[in-house]
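Student: So I've got this file, protein_9.txt, and it contains compact mmCIF, C-alpha atoms and all ligand atoms:
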```txt
# COMPACT_ATOMS: atom_id res chain seq x y z
CA MET A 1 171.74 -17.88 -43.34
CA VAL A 2 175.46 -18.59 -42.83
CA SER A 3 177.29 -18.45 -46.16
CA ASP A 4 180.64 -20.11 -45.50
CA LEU A 5 182.18 -22.90 -43.46
CA SER A 6 184.08 -22.13 -40.25
CA LYS A 7 185.06 -24.23 -37.26
CA SER A 8 183.08 -22.04 -34.85
CA GLN A 9 179.83 -23.21 -36.45
CA LEU A 10 177.70 -26.00 -35.10
CA VAL A 11 177.51 -28.83 -37.64
CA GLY A 12 174.45 -31.05 -37.27
CA VAL A 13 174.94 -34.55 -38.64
CA LEU A 14 171.45 -35.74 -39.56
CA TYR A 15 171.28 -39.52 -39.40
CA GLY A 16 169.11 -42.50 -38.45
CA GLY A 17 165.56 -41.60 -39.39
CA ASP A 18 162.81 -44.13 -39.87
CA SER A 19 163.46 -45.41 -43.40
CA PRO A 20 164.25 -49.08 -44.05
CA GLU A 21 167.86 -47.91 -44.55
CA ARG A 22 168.20 -46.70 -40.95
CA ALA A 23 171.03 -49.14 -40.09
CA GLY A 24 173.23 -47.90 -42.94
CA SER A 25 172.47 -44.29 -42.02
CA LEU A 26 173.50 -44.85 -38.38
CA ALA A 27 176.89 -46.11 -39.61
CA SER A 28 177.24 -43.19 -42.08
CA GLY A 29 176.34 -40.58 -39.45
CA LYS A 30 178.47 -41.90 -36.60
CA THR A 31 181.68 -42.31 -38.60
CA ALA A 32 181.15 -38.98 -40.42
CA ALA A 33 180.60 -37.18 -37.08
CA ASP A 34 183.76 -38.77 -35.62
CA ALA A 35 185.73 -37.59 -38.65
CA LEU A 36 184.38 -34.03 -38.27
CA VAL A 37 185.26 -34.02 -34.56
CA SER A 38 188.80 -35.21 -35.44
CA GLU A 39 189.01 -32.24 -37.84
CA GLY A 40 188.06 -29.81 -35.05
CA PHE A 41 184.41 -29.19 -35.99
CA ASN A 42 181.79 -28.56 -33.34
CA THR A 43 179.44 -31.44 -34.12
CA LEU A 44 175.97 -32.51 -33.01
CA LEU A 45 174.51 -35.90 -34.02
CA ILE A 46 170.77 -35.62 -34.67
CA ASP A 47 168.65 -38.74 -35.14
CA THR A 48 165.72 -37.49 -37.23
CA ALA A 49 163.50 -40.27 -35.85
CA GLU A 50 163.63 -38.59 -32.41
CA PRO A 51 160.73 -36.23 -31.55
CA GLN A 52 163.12 -33.39 -30.56
CA ALA A 53 164.98 -33.51 -33.91
CA ILE A 54 163.35 -30.33 -35.29
CA GLU A 55 164.31 -28.34 -32.19
CA SER A 56 167.91 -29.56 -32.56
CA ILE A 57 167.94 -28.70 -36.28
CA GLN A 58 166.90 -25.12 -35.42
CA LYS A 59 170.08 -24.77 -33.30
CA ILE A 60 172.61 -25.80 -35.95
CA ASP A 61 174.45 -23.64 -38.50
CA VAL A 62 174.79 -26.28 -41.19
CA ALA A 63 173.47 -29.81 -41.75
CA LEU A 64 175.46 -32.74 -43.05
CA ILE A 65 172.84 -35.13 -44.40
CA ALA A 66 173.76 -38.76 -43.69
CA LEU A 67 170.22 -40.09 -44.15
CA HIS A 68 169.47 -42.80 -46.69
CA GLY A 69 166.16 -43.75 -48.26
CA PRO A 70 162.72 -42.12 -48.14
CA GLY A 71 162.45 -39.06 -45.89
CA GLY A 72 166.16 -38.25 -45.97
CA GLU A 73 167.28 -38.80 -49.54
CA ASP A 74 164.08 -37.93 -51.43
CA GLY A 75 163.83 -34.15 -50.98
CA LYS A 76 161.68 -34.07 -47.84
CA ILE A 77 164.36 -33.19 -45.29
CA GLN A 78 166.00 -30.96 -47.94
CA GLY A 79 162.70 -29.03 -48.25
CA LEU A 80 162.46 -28.64 -44.48
CA LEU A 81 166.03 -27.31 -44.31
CA GLU A 82 165.30 -24.86 -47.17
CA ILE A 83 162.30 -23.52 -45.26
CA LEU A 84 164.24 -23.28 -42.00
CA GLY A 85 167.13 -21.53 -43.82
CA VAL A 86 169.73 -24.09 -42.74
CA PRO A 87 172.44 -24.80 -45.37
CA TYR A 88 172.75 -28.53 -46.08
CA THR A 89 175.05 -30.86 -47.95
CA GLY A 90 174.36 -32.48 -51.29
CA SER A 91 171.47 -32.26 -53.70
CA GLY A 92 168.44 -29.99 -53.48
CA VAL A 93 164.77 -30.97 -53.39
CA LEU A 94 164.21 -31.79 -57.06
CA ALA A 95 167.36 -33.84 -57.73
CA SER A 96 166.83 -35.72 -54.47
CA ALA A 97 163.27 -36.63 -55.46
CA VAL A 98 164.28 -37.65 -59.00
CA GLY A 99 167.16 -39.74 -57.67
CA MET A 100 164.95 -41.53 -55.14
CA HIS A 101 162.27 -42.51 -57.67
CA LYS A 102 164.09 -44.94 -59.97
CA PRO A 103 161.46 -44.93 -62.79
CA THR A 104 161.55 -41.10 -63.08
CA PHE A 105 165.35 -41.19 -63.10
CA LYS A 106 165.37 -43.93 -65.78
CA GLN A 107 162.95 -41.93 -67.92
CA LEU A 108 165.19 -38.88 -67.63
CA ILE A 109 168.44 -40.60 -68.58
CA SER A 110 166.93 -42.71 -71.36
CA SER A 111 165.49 -39.55 -72.93
CA HIS A 112 169.15 -38.46 -73.23
CA GLY A 113 170.14 -41.70 -75.00
CA LEU A 114 171.76 -43.38 -71.98
CA ASP A 115 171.36 -47.13 -71.52
CA THR A 116 169.28 -48.44 -68.61
CA PRO A 117 167.57 -51.86 -68.38
CA LYS A 118 164.13 -52.05 -70.04
CA TRP A 119 161.49 -51.56 -67.35
CA ILE A 120 157.91 -51.30 -66.26
CA THR A 121 156.29 -50.13 -63.03
CA LEU A 122 153.56 -52.04 -61.22
CA ASP A 123 150.88 -50.88 -58.87
CA PRO A 124 150.87 -53.25 -55.84
CA SER A 125 147.06 -53.38 -55.91
CA LEU A 126 147.15 -55.58 -59.07
CA THR A 127 146.89 -59.32 -58.51
CA SER A 128 150.04 -61.33 -59.06
CA ASP A 129 148.50 -62.91 -62.18
CA GLU A 130 147.76 -59.48 -63.63
CA MET A 131 151.30 -58.35 -62.85
CA SER A 132 152.78 -61.47 -64.39
CA LYS A 133 150.92 -60.84 -67.65
CA VAL A 134 152.06 -57.21 -67.83
CA VAL A 135 155.64 -58.24 -67.09
CA GLU A 136 155.58 -61.00 -69.69
CA SER A 137 154.36 -58.69 -72.46
CA HIS A 138 156.59 -55.69 -71.59
CA VAL A 139 159.82 -57.17 -70.25
CA GLY A 140 159.97 -61.01 -70.52
CA TRP A 141 161.63 -63.48 -68.13
CA PRO A 142 163.93 -63.37 -66.22
CA VAL A 143 163.26 -60.05 -64.52
CA PHE A 144 164.74 -58.06 -61.68
CA ILE A 145 162.23 -56.68 -59.17
CA LYS A 146 162.82 -53.85 -56.72
CA PRO A 147 160.78 -51.15 -54.98
CA SER A 148 160.58 -47.99 -57.15
CA ALA A 149 161.85 -45.89 -54.25
CA GLY A 150 163.95 -48.35 -52.25
CA GLY A 151 167.63 -48.80 -51.60
CA GLY A 152 170.31 -50.99 -50.06
CA SER A 153 169.03 -53.93 -52.20
CA LEU A 154 166.11 -54.22 -49.76
CA GLY A 155 163.07 -55.87 -51.31
CA ALA A 156 165.04 -56.67 -54.49
CA GLY A 157 165.45 -59.97 -56.30
CA ILE A 158 165.41 -62.01 -59.49
CA GLY A 159 162.18 -63.48 -60.88
CA ARG A 160 163.12 -66.28 -63.27
CA SER A 161 159.58 -67.51 -63.89
CA PRO A 162 155.98 -66.49 -63.10
CA SER A 163 155.94 -68.69 -59.97
CA ASP A 164 159.26 -67.24 -58.73
CA PHE A 165 157.81 -63.81 -59.39
CA ALA A 166 154.65 -64.58 -57.41
CA HIS A 167 156.77 -65.58 -54.39
CA MET A 168 158.75 -62.35 -54.55
CA LEU A 169 155.56 -60.30 -54.81
CA ALA A 170 154.18 -61.98 -51.72
CA ASP A 171 157.33 -60.92 -49.87
CA LEU A 172 157.17 -57.34 -51.19
CA ASN A 173 153.48 -57.06 -50.38
CA ARG A 174 154.28 -57.49 -46.71
CA GLN A 175 156.37 -54.32 -46.84
CA ASP A 176 154.19 -51.34 -47.75
CA TYR A 177 155.92 -50.17 -50.92
CA LEU A 178 153.85 -47.82 -53.12
CA GLU A 179 155.12 -49.13 -56.44
CA TYR A 180 157.39 -51.86 -57.80
CA LEU A 181 159.92 -51.52 -60.59
CA VAL A 182 160.42 -54.56 -62.78
CA GLU A 183 163.47 -54.53 -65.05
CA GLU A 184 165.03 -56.75 -67.65
CA TYR A 185 167.52 -58.94 -65.74
CA VAL A 186 171.06 -57.98 -66.82
CA PRO A 187 173.78 -60.42 -65.73
CA GLY A 188 177.13 -58.81 -64.96
CA ARG A 189 179.36 -57.09 -62.45
CA PRO A 190 177.99 -54.36 -60.17
CA CYS A 191 180.08 -51.19 -60.50
CA SER A 192 179.76 -47.80 -58.83
CA VAL A 193 181.27 -44.40 -59.49
CA GLY A 194 181.34 -41.65 -56.88
CA VAL A 195 181.08 -38.06 -58.10
CA ILE A 196 182.26 -35.19 -55.93
CA GLU A 197 182.46 -31.43 -56.40
CA THR A 198 185.61 -30.38 -54.59
CA SER A 199 186.59 -27.56 -56.92
CA GLY A 200 183.16 -26.30 -57.97
CA ARG A 201 182.59 -28.87 -60.73
CA PRO A 202 181.70 -32.57 -60.57
CA GLU A 203 184.58 -35.02 -60.89
CA ALA A 204 184.48 -38.83 -60.92
CA LEU A 205 186.29 -40.89 -58.30
CA PRO A 206 187.92 -44.21 -59.31
CA VAL A 207 185.46 -46.96 -60.33
CA HIS A 208 184.56 -49.53 -57.66
CA ASP A 209 183.52 -53.03 -58.73
CA VAL A 210 182.32 -56.06 -56.81
CA GLU A 211 182.55 -59.81 -57.29
CA THR A 212 180.15 -61.98 -55.31
CA ASP A 213 178.96 -65.60 -55.32
CA ARG A 214 175.48 -64.40 -54.38
CA GLU A 215 172.84 -64.24 -57.13
CA PHE A 216 173.30 -60.46 -57.21
CA TYR A 217 174.77 -57.71 -54.99
CA ASP A 218 172.15 -58.27 -52.32
CA TYR A 219 171.73 -57.00 -48.75
CA ALA A 220 173.87 -59.86 -47.34
CA ALA A 221 176.75 -59.17 -49.76
CA LYS A 222 176.56 -55.43 -49.01
CA HIS A 223 176.76 -56.02 -45.25
CA ASP A 224 179.12 -59.00 -44.92
CA PRO A 225 182.62 -58.40 -46.37
CA SER A 226 183.23 -62.19 -46.53
CA LYS A 227 180.48 -62.40 -49.19
CA ARG A 228 182.18 -60.09 -51.69
CA ILE A 229 185.49 -59.06 -53.21
CA GLU A 230 185.83 -55.34 -53.89
CA ASN A 231 188.15 -53.88 -56.49
CA CYS A 232 188.92 -50.19 -56.34
CA PRO A 233 190.34 -49.05 -58.67
CA SER A 234 188.30 -51.48 -60.75
CA ILE A 235 189.98 -54.36 -62.59
CA LEU A 236 187.87 -53.62 -65.70
CA PRO A 237 189.63 -52.37 -68.87
CA LYS A 238 190.54 -48.68 -68.92
CA ASP A 239 188.21 -47.84 -71.84
CA VAL A 240 185.28 -49.23 -69.81
CA THR A 241 186.17 -47.48 -66.54
CA GLU A 242 186.73 -44.18 -68.31
CA ARG A 243 183.34 -44.49 -70.00
CA LEU A 244 181.66 -45.21 -66.65
CA GLN A 245 183.36 -42.18 -65.10
CA GLU A 246 182.25 -39.91 -67.95
CA GLU A 247 178.69 -41.25 -67.76
CA ALA A 248 178.59 -40.82 -63.97
CA VAL A 249 179.50 -37.13 -64.24
CA ARG A 250 176.98 -36.65 -67.06
CA ILE A 251 174.25 -38.36 -65.03
CA HIS A 252 175.07 -36.28 -61.93
CA MET A 253 174.58 -33.16 -64.07
CA LEU A 254 171.46 -34.39 -65.91
CA THR A 255 169.83 -35.20 -62.56
CA GLY A 256 170.73 -31.73 -61.29
CA ALA A 257 172.59 -33.36 -58.40
CA HIS A 258 174.81 -31.17 -56.26
CA GLY A 259 177.97 -31.82 -54.26
CA VAL A 260 178.22 -35.58 -54.12
CA SER A 261 176.51 -38.62 -55.63
CA ARG A 262 177.19 -42.21 -56.61
CA VAL A 263 175.99 -43.83 -59.81
CA ASP A 264 175.46 -47.63 -59.92
CA PHE A 265 175.95 -49.70 -63.08
CA ILE A 266 176.08 -53.31 -64.24
CA VAL A 267 178.84 -54.21 -66.68
CA ASP A 268 178.55 -57.47 -68.63
CA ASP A 269 181.39 -59.68 -69.94
CA ASN A 270 181.49 -57.78 -73.24
CA GLY A 271 181.94 -54.44 -71.50
CA ARG A 272 178.34 -53.30 -72.19
CA SER A 273 177.22 -51.19 -69.27
CA VAL A 274 173.74 -50.28 -68.11
CA ILE A 275 172.86 -47.60 -65.59
CA LEU A 276 170.81 -48.68 -62.57
CA GLU A 277 170.46 -45.62 -60.38
CA ILE A 278 171.92 -42.47 -58.85
CA ASN A 279 172.29 -42.20 -55.07
CA THR A 280 172.14 -38.56 -54.04
CA VAL A 281 173.19 -39.42 -50.47
CA PRO A 282 175.74 -42.18 -51.02
CA GLY A 283 176.76 -44.27 -47.97
CA LEU A 284 179.19 -42.09 -46.02
CA SER A 285 180.66 -44.56 -43.53
CA ASP A 286 184.42 -45.00 -43.28
CA MET A 287 184.03 -48.58 -44.61
CA GLY A 288 181.59 -47.69 -47.40
CA ASN A 289 182.40 -47.67 -51.09
CA LEU A 290 182.50 -43.86 -51.38
CA ALA A 291 185.25 -43.81 -48.72
CA THR A 292 187.04 -46.64 -50.58
CA MET A 293 186.86 -44.66 -53.85
CA ALA A 294 188.11 -41.50 -52.14
CA LYS A 295 191.02 -43.45 -50.63
CA ALA A 296 191.93 -44.82 -54.07
CA ALA A 297 192.02 -41.20 -55.26
CA GLY A 298 194.40 -40.29 -52.40
CA MET A 299 191.75 -38.58 -50.26
CA SER A 300 191.61 -39.51 -46.55
CA TYR A 301 188.24 -40.23 -44.89
CA PRO A 302 188.25 -36.95 -42.85
CA ALA A 303 189.14 -35.05 -46.05
CA LEU A 304 186.19 -36.70 -47.84
CA VAL A 305 183.73 -35.81 -45.07
CA THR A 306 185.05 -32.23 -44.94
CA ALA A 307 184.66 -31.97 -48.74
CA VAL A 308 181.07 -33.20 -48.44
CA LEU A 309 180.40 -30.66 -45.67
CA LYS A 310 181.71 -27.82 -47.86
CA THR A 311 179.10 -28.65 -50.52
CA ALA A 312 176.56 -26.94 -48.23
CA PHE A 313 178.07 -23.56 -49.09
CA ASN A 314 178.64 -23.55 -52.84
CA ARG A 315 175.20 -24.45 -54.16
CA SER A 316 174.76 -23.18 -57.71
CA GLY A 317 171.95 -20.72 -58.49
CA HIS A 318 169.67 -23.33 -60.07
CA GLY A 319 170.47 -26.04 -57.51
CA TRP A 320 166.91 -26.95 -56.71
N1 LIG A 401 168.13 -55.08 -63.84
C1 LIG A 401 168.99 -55.74 -63.07
N2 LIG A 401 169.54 -56.91 -63.49
C2 LIG A 401 170.39 -57.59 -62.70
N3 LIG A 401 170.75 -57.22 -61.45
C3 LIG A 401 170.23 -56.08 -60.98
C4 LIG A 401 169.31 -55.27 -61.76
N4 LIG A 401 168.97 -54.20 -61.01
C5 LIG A 401 169.62 -54.33 -59.84
N5 LIG A 401 170.39 -55.44 -59.80
C6 LIG A 401 171.22 -55.91 -58.67
O1 LIG A 401 170.72 -55.35 -57.47
C7 LIG A 401 171.68 -54.46 -56.88
C8 LIG A 401 170.97 -53.23 -56.31
O2 LIG A 401 170.27 -52.57 -57.34
P1 LIG A 401 170.11 -50.99 -57.41
O3 LIG A 401 169.30 -50.68 -58.61
O4 LIG A 401 171.45 -50.34 -57.31
O5 LIG A 401 169.20 -50.66 -56.15
P2 LIG A 401 169.51 -50.24 -54.63
O6 LIG A 401 168.93 -48.88 -54.52
O7 LIG A 401 168.80 -51.24 -53.80
O8 LIG A 401 171.01 -50.25 -54.45
C9 LIG A 401 172.66 -54.17 -58.02
O9 LIG A 401 173.95 -53.86 -57.55
C10 LIG A 401 172.66 -55.45 -58.81
O10 LIG A 401 173.47 -56.44 -58.21
MG MG A 402 172.40 -49.36 -55.72
```
So, in terms of structure tokens, how does the structure I just supplied come out?
Ligand SMILES: Nc1ncnc2c1ncn2[C@@H]1O[C@H](COP(=O)(O)OP(=O)(O)O)[C@@H](O)[C@H]1O
Ligand SMILES: [Mg+2]
Tutor:
Amino acid sequence: MVSDLSKSQLVGVLYGGDSPERAGSLASGKTAADALVSEGFNTLLIDTAEPQAIESIQKIDVALIALHGPGGEDGKIQGLLEILGVPYTGSGVLASAVGMHKPTFKQLISSHGLDTPKWITLDPSLTSDEMSKVVESHVGWPVFIKPSAGGGSLGAGIGRSPSDFAHMLADLNRQDYLEYLVEEYVPGRPCSVGVIETSGRPEALPVHDVETDREFYDYAAKHDPSKRIENCPSILPKDVTERLQEEAVRIHMLTGAHGVSRVDFIVDDNGRSVILEINTVPGLSDMGNLATMAKAAGMSYPALVTAVLKTAFNRSGHGW
């Protein structure tokens, strides 16, 4: 196995794949590969949905993982790379799996006293009446529904009443998710904090917050800049942003994440914040919020991608 980064190595940028988040991954991979080429790296784009992907992976010296969602962000590709002996960026198998499965992650952080919306998981084989009853007794209306292992706000939405909830379930049922997560609905501003290990320890990037007229930070608002206003650094009070940054670093460490991550929060009008999730492969495109946070910290996009690439070579001993 190669143990350090040099420009003579072949860097494979793993992107695409067959998860519902393929579109975002294509953008992450292409712009990250362009940045690496501009920095003089020998770069090969590998779409993991292609049948020859494994052969290509066996030719590379290091993998930059730009895959989002199941298959790429949940420990599976990380396990394959471990077995093949190819160094790769970001978190190992365990942290990737914990980060992908929101209920497991929520259980972990709440056991450490951190605040995350009250929740329950539902097996899709229950009828919608059965689910409604469970939700009513454990969470209460309104609720926020999302796939337990989803991303990009896909399949997510607000259930304000049992009939609303039944409509959302019908939509989700068409999509093959293994489990649904139903949370207490928390009104407020979506905020994110990127965490990056450039000097061997995790450090928070400036807080990014979003204002949108949509009901929540949904797929449309994430993909159409005219449907959102982004603030980075955040316009929230300093005591709140500093708290989010401290929590993000703590969560990165509690999850056992490595290299880079992004923690998503909701902050209400009184400054109360709740933790929604950790993304162990945050969107890496030049227009994405990690790049925006890096820019606010004075780090160019090519410098960010190079810093992410370097995380493949400084994995700590227990970084599984
Ligand atoms: N419990 C909740 N209450 C209110 N809004 C929520 C809740 N959970 C998620 N959201 C909204 O959905 C968006 C995406 O949720 P998140 O948990 O980050 O999942 P994803 O993996 O899809 O990004 C959030 O930015 C927020 O706008
Ligand atoms: Mg999110």
Student: Env of Asp61 of chain A: 7 Å cut, atoms = all atoms listed in the file, seq-sep filter 3 positions within chain, self excluded. Answer as a PyMOL selection string.
Tutor: chain A and resi 2+9-11+86
Student: Go through A:Val37, A:Leu84, A:Ile145, A:Ile120 one by one, measure the shortest atom-to-atom distance of each to Glu55 of chain A using all atoms listed in the file, and give the residue with the smallest value.
Tutor: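 Using all atoms listed in the file, Glu55 of chain A sits closest to A:Leu84.
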Student: Show me which residues are within 8 Å of ligand LIG 401 (chain A) counting only C-alpha atoms and all ligand atoms, and format the list as a ChimeraX atom specification.
Tutor: /A:102,117-118,143-146,149-158,182-191,215-218,264-266,276-277,279
Student: Grab the residues selected above and save them as a JSON list (two decimals), in the coordinates of the input with C-alpha atoms.
Tutor:
```
[["chain", "number", "residue", "atom", "x", "y", "z"],
["A", 102, "LYS", "CA", 164.09, -44.94, -59.97],
["A", 117, "PRO", "CA", 167.57, -51.86, -68.38],
["A", 118, "LYS", "CA", 164.13, -52.05, -70.04],
["A", 143, "VAL", "CA", 163.26, -60.05, -64.52],
["A", 144, "PHE", "CA", 164.74, -58.06, -61.68],
["A", 145, "ILE", "CA", 162.23, -56.68, -59.17],
["A", 146, "LYS", "CA", 162.82, -53.85, -56.72],
["A", 149, "ALA", "CA", 161.85, -45.89, -54.25],
["A", 150, "GLY", "CA", 163.95, -48.35, -52.25],
["A", 151, "GLY", "CA", 167.63, -48.80, -51.60],
["A", 152, "GLY", "CA", 170.31, -50.99, -50.06],
["A", 153, "SER", "CA", 169.03, -53.93, -52.20],
["A", 154, "LEU", "CA", 166.11, -54.22, -49.76],
["A", 155, "GLY", "CA", 163.07, -55.87, -51.31],
["A", 156, "ALA", "CA", 165.04, -56.67, -54.49],
["A", 157, "GLY", "CA", 165.45, -59.97, -56.30],
["A", 158, "ILE", "CA", 165.41, -62.01, -59.49],
["A", 182, "VAL", "CA", 160.42, -54.56, -62.78],
["A", 183, "GLU", "CA", 163.47, -54.53, -65.05],
["A", 184, "GLU", "CA", 165.03, -56.75, -67.65],
["A", 185, "TYR", "CA", 167.52, -58.94, -65.74],
["A", 186, "VAL", "CA", 171.06, -57.98, -66.82],
["A", 187, "PRO", "CA", 173.78, -60.42, -65.73],
["A", 188, "GLY", "CA", 177.13, -58.81, -64.96],
["A", 189, "ARG", "CA", 179.36, -57.09, -62.45],
["A", 190, "PRO", "CA", 177.99, -54.36, -60.17],
["A", 191, "CYS", "CA", 180.08, -51.19, -60.50],
["A", 215, "GLU", "CA", 172.84, -64.24, -57.13],
["A", 216, "PHE", "CA", 173.30, -60.46, -57.21],
["A", 217, "TYR", "CA", 174.77, -57.71, -54.99],
["A", 218, "ASP", "CA", 172.15, -58.27, -52.32],
["A", 264, "ASP", "CA", 175.46, -47.63, -59.92],
["A", 265, "PHE", "CA", 175.95, -49.70, -63.08],
["A", 266, "ILE", "CA", 176.08, -53.31, -64.24],
["A", 276, "LEU", "CA", 170.81, -48.68, -62.57],
["A", 277, "GLU", "CA", 170.46, -45.62, -60.38],
["A", 279, "ASN", "CA", 172.29, -42.20, -55.07]]
```
Student: May I ask which of the residues A:Gln52, A:Ser192, A:Thr104, A:Thr89 is the closest one to Thr241 of chain A, counting all atoms listed in the file?
Tutor: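 Looking only at the distances to Thr241 of chain A, the closest residue turns out to be A:Ser192.
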Student: Out of A:Ala204, A:Met287, A:Ala296, A:Leu67, which residue has the shortest atom-to-atom distance to His223 of chain A when counting only C-alpha atoms?
Tutor: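 The closest residue to His223 of chain A is A:Met287.
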Student: Do a neighbour search on Ser96 of chain A at 10 Å with all atoms listed in the file, toss out local chain neighbours closer than 5 positions, and write the hits as a compact mmCIF listing (two decimals) with C-alpha atoms, keeping the file's coordinate frame.
Tutor:
```
# COMPACT_ATOMS: atom_id res chain seq x y z
CA PRO A 70 162.72 -42.12 -48.14
CA GLY A 72 166.16 -38.25 -45.97
CA GLU A 73 167.28 -38.80 -49.54
CA ASP A 74 164.08 -37.93 -51.43
CA GLY A 75 163.83 -34.15 -50.98
CA LYS A 76 161.68 -34.07 -47.84
CA ILE A 77 164.36 -33.19 -45.29
CA GLN A 78 166.00 -30.96 -47.94
CA GLY A 90 174.36 -32.48 -51.29
CA SER A 91 171.47 -32.26 -53.70
CA HIS A 101 162.27 -42.51 -57.67
CA THR A 255 169.83 -35.20 -62.56
CA GLY A 256 170.73 -31.73 -61.29
CA ALA A 257 172.59 -33.36 -58.40
CA HIS A 258 174.81 -31.17 -56.26
CA ILE A 278 171.92 -42.47 -58.85
CA ASN A 279 172.29 -42.20 -55.07
CA THR A 280 172.14 -38.56 -54.04
CA VAL A 281 173.19 -39.42 -50.47
CA TRP A 320 166.91 -26.95 -56.71
```
Student: Compare A:Arg22, A:Asn289, A:Gly79, A:Gly200 by their minimum atom-to-atom distance to ligand MG 402 (chain A), counting only C-alpha atoms and all ligand atoms, and give me the closest one.
Tutor: A:Asn289
Student: For His138 of chain A, work out the shell of residues within 9 Å, counting only C-alpha atoms and skipping chain neighbours fewer than 2 positions away, then give it as a PyMOL selection string.
Tutor: chain A and resi 118-120+133-136+140
Student: Between A:Ala23, A:Ile196, A:Leu44, A:Val263, which is the closest to ligand MG 402 (chain A) once you count all atoms listed in the file?
Tutor: A:Val263
Student: What is the atom CA of Thr43 of chain A-atom CA of Ser19 of chain A distance in Å, reported with one decimal?
Tutor: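 For atom CA of Thr43 of chain A relative to atom CA of Ser19 of chain A, the distance reads 23.2 Å.
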Student: Please tell me which residues are no farther than 6 Å from (187.9, -47.6, -59.7) in the file, counting all atoms listed in the file, and write them as a list in words.
Tutor: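 The answer, in the requested form, is Pro206, Val207, His208, Cys232, Pro233 and Ser234 of chain A.
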Student: Output, as AutoDock Vina command-line options, the centre and edge lengths in Å (one decimal) of the axis-aligned box that contains all listed atoms of segment 303-311 of chain A with 5 Å of margin on each side.
Tutor:
```
--center_x 184.1 --center_y -32.3 --center_z -47.7 --size_x 20.0 --size_y 18.9 --size_z 15.6
```
Student: Identify which of the residues A:Ser28, A:Thr311, A:Ser300, A:Ser148 lies closest to ligand MG 402 (chain A), counting all atoms listed in the file when measuring atom-to-atom distances.
Tutor: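 Closest candidate: A:Ser148.
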Student: So what do you get for atom CA of Met100 of chain A versus atom CA of Arg250 of chain A, distance-wise?
Tutor: 17.6 Å
Student: For the point (181.6, -60.5, -57.5) in the file's frame, write as an MDAnalysis selection string all residues with an atom no more than 6 Å away, counting only C-alpha atoms.
Tutor: chainID A and resid 210:212 228:229
Student: So that I can see what lies close to Ala66 of chain A, please list as number ranges by chain the residues with an atom at most 6 Å from it, counting all atoms listed in the file and leaving out residues fewer than 4 positions away in the same chain.
Tutor: A: 14-15, 25, 28-29
